[in-house]
$ cat target.cif   # mmCIF, C-alpha atoms
data_run
loop_
_atom_site.label_atom_id
_atom_site.label_comp_id
_atom_site.auth_asym_id
_atom_site.auth_seq_id
_atom_site.Cartn_x
_atom_site.Cartn_y
_atom_site.Cartn_z
CA MET T 1 68.07 171.03 314.18
CA PHE T 2 71.09 170.35 311.93
CA LYS T 3 72.76 173.68 311.20
CA VAL T 4 75.06 174.04 308.19
CA LEU T 5 77.34 176.98 307.47
CA ILE T 6 78.15 177.54 303.79
CA ALA T 7 81.25 179.69 304.19
CA GLU T 8 82.29 180.16 300.54
CA PRO T 9 80.46 180.81 297.27
CA THR T 10 78.60 177.76 295.95
CA HIS T 11 75.79 177.22 293.48
CA GLU T 12 72.36 177.91 294.99
CA ILE T 13 71.30 174.31 294.37
CA LEU T 14 73.38 173.22 297.38
CA HIS T 15 71.47 175.49 299.74
CA LYS T 16 68.14 174.51 298.19
CA LYS T 17 68.69 170.75 298.32
CA LEU T 18 69.94 170.83 301.90
CA SER T 19 67.10 173.09 303.03
CA ASP T 20 64.52 170.89 301.30
CA ALA T 21 65.99 167.91 303.16
CA GLY T 22 65.50 169.63 306.52
CA PHE T 23 68.90 171.20 307.15
CA VAL T 24 69.06 174.78 308.41
CA CYS T 25 71.57 176.57 306.17
CA ASP T 26 73.36 179.87 306.67
CA TYR T 27 75.00 181.18 303.50
CA LYS T 28 77.87 183.49 304.50
CA PRO T 29 80.49 183.51 301.73
CA GLU T 30 81.88 186.86 302.86
CA LEU T 31 83.29 185.50 306.13
CA SER T 32 86.93 185.99 307.05
CA PHE T 33 88.80 183.18 308.76
CA SER T 34 88.70 184.92 312.13
CA GLN T 35 84.95 185.37 311.81
CA LEU T 36 84.57 181.73 310.83
CA GLU T 37 86.53 180.64 313.92
CA LYS T 38 84.20 182.61 316.17
CA LEU T 39 81.06 181.13 314.64
CA ILE T 40 81.97 177.50 313.96
CA HIS T 41 81.04 176.22 317.46
CA LYS T 42 77.37 176.79 316.56
CA TYR T 43 77.30 174.53 313.51
CA ASN T 44 76.96 170.84 312.74
CA GLY T 45 78.16 171.12 309.14
CA LEU T 46 80.64 173.28 307.24
CA VAL T 47 80.91 173.80 303.48
CA ILE T 48 84.08 175.39 302.08
CA ARG T 49 86.05 175.61 298.87
CA SER T 50 89.71 176.71 298.93
CA LYS T 51 89.87 179.91 300.97
CA PHE T 52 90.15 178.33 304.41
CA LYS T 53 92.67 175.92 305.90
CA ILE T 54 90.91 173.55 308.26
CA ASP T 55 93.66 172.45 310.65
CA ARG T 56 93.69 170.91 314.12
CA LEU T 57 93.36 174.20 315.97
CA PHE T 58 90.30 175.13 313.95
CA THR T 59 88.76 171.67 314.24
CA ASP T 60 89.10 171.73 318.03
CA LYS T 61 86.91 174.84 318.09
CA ALA T 62 84.21 173.13 316.02
CA VAL T 63 82.71 171.30 318.97
CA LYS T 64 79.40 170.40 317.27
CA LEU T 65 80.75 169.67 313.82
CA LYS T 66 79.57 166.48 312.13
CA PHE T 67 80.90 167.09 308.63
CA ILE T 68 83.25 169.22 306.53
CA ALA T 69 82.34 169.40 302.85
CA ARG T 70 84.75 170.67 300.21
CA ALA T 71 83.02 171.98 297.09
CA GLY T 72 85.58 170.64 294.64
CA ALA T 73 88.05 167.81 294.23
CA GLY T 74 91.21 168.45 296.26
CA THR T 75 91.18 168.24 300.05
CA GLU T 76 94.72 169.33 300.91
CA ASN T 77 93.34 172.30 302.86
CA ILE T 78 91.65 169.96 305.35
CA ASP T 79 93.39 167.84 307.98
CA ILE T 80 91.16 164.90 307.16
CA SER T 81 92.77 162.32 309.44
CA TYR T 82 92.42 164.58 312.48
CA ALA T 83 88.84 165.47 311.62
CA GLU T 84 87.85 161.85 311.08
CA ASN T 85 89.51 160.84 314.35
CA LYS T 86 87.16 163.30 316.02
CA GLY T 87 84.17 161.72 314.32
CA ILE T 88 83.78 164.36 311.62
CA GLU T 89 82.83 163.14 308.15
CA CYS T 90 84.75 164.69 305.26
CA PHE T 91 83.24 165.02 301.79
CA ASN T 92 84.45 166.33 298.46
CA SER T 93 82.93 166.33 294.99
CA PRO T 94 85.43 165.39 292.26
CA GLU T 95 82.58 163.87 290.27
CA GLY T 96 81.23 167.37 289.74
CA ASN T 97 84.11 168.86 287.76
CA ARG T 98 85.76 165.82 286.18
CA ASP T 99 84.21 166.47 282.77
CA SER T 100 85.29 170.10 282.76
CA VAL T 101 88.85 169.12 283.71
CA ALA T 102 88.98 166.43 281.03
CA GLU T 103 87.74 168.75 278.28
CA HIS T 104 90.10 171.53 279.37
CA ALA T 105 93.10 169.18 279.37
CA LEU T 106 92.24 168.00 275.87
CA GLY T 107 91.71 171.56 274.67
CA MET T 108 95.09 172.68 276.01
CA LEU T 109 96.79 169.68 274.43
CA LEU T 110 95.30 170.29 270.99
CA THR T 111 96.13 173.99 271.26
CA LEU T 112 99.76 173.10 271.94
CA LEU T 113 100.15 170.34 269.36
CA HIS T 114 98.51 172.29 266.54
CA LYS T 115 100.15 175.60 267.47
CA ILE T 116 96.77 177.30 267.65
CA LYS T 117 97.87 179.94 270.15
CA ILE T 118 100.94 180.82 268.03
CA ALA T 119 98.87 181.11 264.86
CA ASP T 120 96.19 183.20 266.56
CA THR T 121 98.76 185.61 268.01
CA GLU T 122 100.53 185.99 264.68
CA ILE T 123 97.34 186.77 262.78
CA ARG T 124 96.38 189.38 265.38
CA ASN T 125 99.78 190.96 264.70
CA GLY T 126 99.29 190.98 260.95
CA ILE T 127 101.34 187.85 260.20
CA TRP T 128 99.83 185.22 257.88
CA ASN T 129 102.24 182.31 258.38
CA ARG T 130 101.05 178.98 257.00
CA LYS T 131 104.34 177.26 257.86
CA ASN T 132 103.32 176.83 261.50
CA THR T 133 102.16 173.28 260.95
CA GLY T 134 101.13 171.20 263.92
CA SER T 135 101.57 167.68 265.20
CA GLU T 136 98.73 165.15 265.21
CA LEU T 137 97.49 163.49 268.35
CA GLN T 138 96.61 160.38 266.38
CA GLY T 139 99.08 157.53 266.78
CA LYS T 140 100.61 158.79 270.02
CA THR T 141 100.65 157.04 273.39
CA VAL T 142 99.07 159.06 276.17
CA GLY T 143 100.12 158.10 279.69
CA ILE T 144 97.85 158.99 282.61
CA ILE T 145 99.01 158.99 286.23
CA GLY T 146 96.02 158.74 288.55
CA TYR T 147 92.96 156.95 287.19
CA GLY T 148 90.27 158.42 289.39
CA ASN T 149 87.50 160.80 288.39
CA THR T 150 89.48 163.19 286.19
CA GLY T 151 91.99 160.66 284.88
CA SER T 152 89.27 158.30 283.68
CA ALA T 153 87.22 161.21 282.26
CA PHE T 154 90.27 162.35 280.26
CA ALA T 155 90.75 158.82 278.93
CA ARG T 156 87.15 158.83 277.71
CA ARG T 157 87.70 162.10 275.85
CA LEU T 158 90.74 160.63 274.11
CA SER T 159 88.88 157.58 272.84
CA GLY T 160 87.94 159.17 269.51
CA PHE T 161 91.45 160.33 268.62
CA SER T 162 93.05 157.01 267.62
CA VAL T 163 95.60 157.16 270.42
CA ARG T 164 96.82 154.46 272.74
CA THR T 165 95.92 155.41 276.30
CA ILE T 166 97.79 153.80 279.18
CA ALA T 167 97.37 154.54 282.87
CA TYR T 168 99.07 153.92 286.19
CA ASP T 169 97.45 154.37 289.59
CA LYS T 170 99.28 153.25 292.71
CA TYR T 171 96.05 152.79 294.62
CA LYS T 172 93.82 151.19 291.96
CA HIS T 173 94.15 147.86 290.21
CA ASN T 174 92.36 145.89 287.50
CA PHE T 175 90.82 149.02 285.98
CA SER T 176 91.65 148.37 282.33
CA ASN T 177 88.68 149.08 280.06
CA GLU T 178 87.91 150.24 276.52
CA PHE T 179 89.31 153.68 277.34
CA ALA T 180 92.66 152.89 278.99
CA GLU T 181 95.06 150.05 279.61
CA GLU T 182 96.42 149.64 283.12
CA VAL T 183 100.22 149.45 283.05
CA SER T 184 103.18 149.39 285.40
CA PRO T 185 105.32 152.49 286.00
CA GLU T 186 108.02 150.89 283.86
CA VAL T 187 105.72 150.61 280.85
CA LEU T 188 104.47 154.15 281.39
CA PHE T 189 108.04 155.49 281.43
CA ALA T 190 109.02 153.46 278.36
CA GLU T 191 106.10 154.19 276.05
CA THR T 192 104.55 157.57 276.89
CA ASP T 193 104.52 160.38 274.34
CA ILE T 194 102.16 162.61 276.30
CA LEU T 195 101.85 162.52 280.09
CA SER T 196 98.78 163.79 281.95
CA LEU T 197 98.76 164.20 285.74
CA HIS T 198 95.60 163.48 287.71
CA VAL T 199 96.75 163.06 291.30
CA PRO T 200 95.90 164.87 294.56
CA LEU T 201 98.50 166.94 296.36
CA THR T 202 99.83 164.89 299.26
CA GLU T 203 103.18 164.40 300.96
CA GLU T 204 103.75 161.57 298.51
CA THR T 205 102.99 163.56 295.35
CA ALA T 206 104.54 166.93 296.31
CA PHE T 207 107.08 167.74 293.57
CA MET T 208 106.74 164.19 292.30
CA VAL T 209 107.55 165.41 288.79
CA ASN T 210 111.13 166.54 289.12
CA ASN T 211 114.35 165.97 287.22
CA SER T 212 114.91 162.39 288.38
CA PHE T 213 111.30 161.52 287.53
CA THR T 214 111.64 163.03 284.06
CA GLU T 215 114.86 161.14 283.36
CA LYS T 216 112.98 157.83 283.69
CA PHE T 217 111.09 158.43 280.43
CA SER T 218 112.58 156.72 277.41
CA LYS T 219 111.33 159.28 274.91
CA PRO T 220 110.91 163.05 274.90
CA PHE T 221 107.32 163.78 275.90
CA TYR T 222 104.67 166.44 276.40
CA ILE T 223 103.20 167.03 279.85
CA ILE T 224 99.76 168.19 281.04
CA ASN T 225 99.10 169.24 284.63
CA THR T 226 95.53 169.97 285.68
CA SER T 227 95.95 168.57 289.19
CA ARG T 228 97.94 170.77 291.60
CA GLY T 229 100.86 173.10 290.92
CA LYS T 230 103.11 171.67 293.59
CA VAL T 231 102.99 168.21 292.03
CA LEU T 232 105.48 169.53 289.47
CA LYS T 233 108.82 171.24 290.18
CA THR T 234 108.89 174.27 287.89
CA ASP T 235 112.68 174.72 287.83
CA ASP T 236 113.13 171.11 286.71
CA LEU T 237 110.38 171.41 284.13
CA VAL T 238 112.12 174.41 282.58
CA LYS T 239 115.49 172.62 282.52
CA ASN T 240 113.92 169.74 280.62
CA LEU T 241 112.02 172.02 278.24
CA LYS T 242 115.28 173.76 277.38
CA LYS T 243 117.14 170.54 276.65
CA GLY T 244 114.24 168.95 274.77
CA LYS T 245 113.44 166.10 277.12
CA ILE T 246 110.03 167.68 277.63
CA LEU T 247 108.66 168.84 274.28
CA GLY T 248 105.94 171.08 275.63
CA ALA T 249 103.74 171.69 278.67
CA CYS T 250 100.07 172.43 279.30
CA LEU T 251 99.76 173.90 282.78
CA ASP T 252 96.47 174.88 284.35
CA VAL T 253 98.13 174.98 287.77
CA LEU T 254 101.42 176.43 288.98
CA GLU T 255 103.73 175.80 291.89
CA TYR T 256 103.52 179.48 292.81
CA GLU T 257 99.78 179.67 293.51
CA LYS T 258 98.33 180.81 296.79
CA ALA T 259 96.66 178.07 298.83
CA SER T 260 93.32 179.62 297.85
CA PHE T 261 94.32 179.43 294.14
CA THR T 262 93.27 183.09 293.73
CA ASP T 263 96.65 184.42 292.61
CA ILE T 264 100.35 183.68 292.29
CA PHE T 265 101.96 184.51 295.63
CA ALA T 266 105.58 183.83 294.74
CA GLY T 267 107.79 183.35 291.75
CA LYS T 268 106.62 186.46 289.92
CA ASN T 269 110.24 187.41 289.42
CA SER T 270 111.39 183.83 288.97
CA SER T 271 113.41 183.08 285.85
CA SER T 272 111.54 179.78 285.51
CA LEU T 273 108.13 181.44 285.56
CA ASN T 274 109.35 184.06 283.11
CA TYR T 275 110.50 181.29 280.79
CA LEU T 276 107.08 179.60 280.91
CA VAL T 277 105.27 182.86 280.25
CA ASN T 278 107.42 183.61 277.20
CA SER T 279 107.73 180.12 275.75
CA ASP T 280 105.72 179.07 272.71
CA LYS T 281 106.11 175.49 273.95
CA VAL T 282 103.87 176.18 276.96
CA ILE T 283 100.11 176.73 277.32
CA LEU T 284 99.04 178.38 280.60
CA THR T 285 95.63 178.86 282.22
CA PRO T 286 94.87 180.17 285.75
CA HIS T 287 93.56 177.07 287.55
CA ILE T 288 90.26 177.03 285.68
CA ALA T 289 90.19 173.50 284.24
CA GLY T 290 87.47 172.43 286.66
CA SER T 291 85.50 175.64 286.28
CA SER T 292 82.49 175.76 283.99
CA ASP T 293 78.84 176.73 284.32
CA ALA T 294 77.92 173.06 284.39
CA SER T 295 80.60 171.97 286.86
CA TYR T 296 79.75 174.78 289.30
CA LYS T 297 76.24 173.34 289.60
CA LYS T 298 77.26 169.66 289.47
CA ILE T 299 79.80 170.13 292.28
CA ALA T 300 77.05 171.55 294.50
CA GLU T 301 74.57 168.82 293.56
CA VAL T 302 77.04 166.00 294.21
CA LEU T 303 78.03 167.48 297.56
CA ALA T 304 74.42 167.98 298.65
CA ASP T 305 73.53 164.41 297.76
CA LYS T 306 76.46 163.01 299.75
CA ILE T 307 75.50 165.05 302.82
CA ILE T 308 71.82 164.18 302.56
CA ASN T 309 72.51 160.46 302.06
CA LYS T 310 74.69 160.39 305.18
CA PHE T 311 72.71 162.52 307.58
CA THR T 312 69.05 161.92 306.77
CA TYR T 313 67.15 158.78 307.53
#
$ encode --input "target.cif" --output "structure tokens"
Amino acid sequence: MFKVLIAEPTHEILHKKLSDAGFVCDYKPELSFSQLEKLIHKYNGLVIRSKFKIDRLFTDKAVKLKFIARAGAGTENIDISYAENKGIECFNSPEGNRDSVAEHALGMLLTLLHKIKIADTEIRNGIWNRKNTGSELQGKTVGIIGYGNTGSAFARRLSGFSVRTIAYDKYKHNFSNEFAEEVSPEVLFAETDILSLHVPLTEETAFMVNNSFTEKFSKPFYIINTSRGKVLKTDDLVKNLKKGKILGACLDVLEYEKASFTDIFAGKNSSSLNYLVNSDKVILTPHIAGSSDASYKKIAEVLADKIINKFTY
């Protein structure tokens, strides 16, 4: 009997597909971490989202565990190398929310370029100002860092806008296609007008976008971050917004988020955060790029299929 604990809210299709495949599933999204620690020794599989940090101490208590499944893309809350060294499979489901992320990134970008938020706010305040003209996406060069699920999905969405899309991925090669041209970092720095980040949060990418990184770009540029908040150093972003090196920012994620992404835990009184909140050059959303009715279900379906394909014969 293969027992699976679903410890955070997921679409019901995950439970159904696993149960239909012969897994015994317990759905307990209300669990606290201490309660989870006390129960985990009974289970062969664990499904989580972002609430729990699965570290070495926790993994050592999971004596029967065969897999950890993250319902979503990022896996920074799981010590994957330690788990895999103990024979525990680790799954995630970036395929499930890539389309939502790509559409959200494009929506934020168009909102910024065409000053839609500014115009909407002014009208609501009784101001009919037709001088707030926007900037066209057409003719610009969009640079993508990270050409995985979300990066490639974003490139597809751009294909109808008459832009040049270039991409760099340190860990992928020969991926040029009709949607994006693979380039070196040097070309990306030289030619980008709009930069979109699609990388996981790792030791390598933590605060990757800082002042020295920004200085490498030949032209002033716009930036989109739908990956993780700590990929981008907020203080340095604000410095470059003020001096015009960065023309505008679309931020679905912030450096100050809690690990669970449920709130901002720090920086509420930060001058940099205050600048972002009050700047008409910045579009902000609360880590919802990957969240849609469709993605919630697709994430669960993708995850269920990966588990079933691995553990049923």
$ closest_residue --input "target.cif" --among "T:Thr121, T:Thr111, T:Thr192, T:Asn97" --to "Tyr222 (chain T)" --atoms "only C-alpha atoms"
T:Thr192
$ resolve_selection --input "target.cif" --expression "the PyMOL selection byres ((chain T and resi 11) around 8)" --output "JSON, numbers by chain"
{"T": [9, 10, 12, 13, 14, 15, 296, 297, 300]}
$ write_last_selection --input "target.cif" --atoms "C-alpha atoms" --output "PDB file, keeping the file's coordinate frame"
ATOM      1  CA  PRO T   9      80.460 180.810 297.270  1.00  0.00           C
ATOM      2  CA  THR T  10      78.600 177.760 295.950  1.00  0.00           C
ATOM      3  CA  GLU T  12      72.360 177.910 294.990  1.00  0.00           C
ATOM      4  CA  ILE T  13      71.300 174.310 294.370  1.00  0.00           C
ATOM      5  CA  LEU T  14      73.380 173.220 297.380  1.00  0.00           C
ATOM      6  CA  HIS T  15      71.470 175.490 299.740  1.00  0.00           C
ATOM      7  CA  TYR T 296      79.750 174.780 289.300  1.00  0.00           C
ATOM      8  CA  LYS T 297      76.240 173.340 289.600  1.00  0.00           C
ATOM      9  CA  ALA T 300      77.050 171.550 294.500  1.00  0.00           C
TER      10      ALA T 300
END
$ resolve_selection --input "target.cif" --expression "the PyMOL selection byres ((chain T and resi 114) around 10)" --output "JSON, numbers by chain"
{"T": [109, 110, 111, 112, 113, 115, 116, 117, 118, 119, 132, 133, 134, 135, 136, 137]}
$ atom_distance --input "target.cif" --atom1 "CA of Cys250 (chain T)" --atom2 "CA of Glu182 (chain T)"
23.4 Å
$ residues_near_point --input "target.cif" --point "(92.3, 170.4, 284.1)" --cutoff "12 Å" --atoms "all atoms listed in the file" --output "number ranges by chain"
T: 73, 94, 97-109, 149-151, 153-154, 196-199, 224-229, 250-254, 284-292
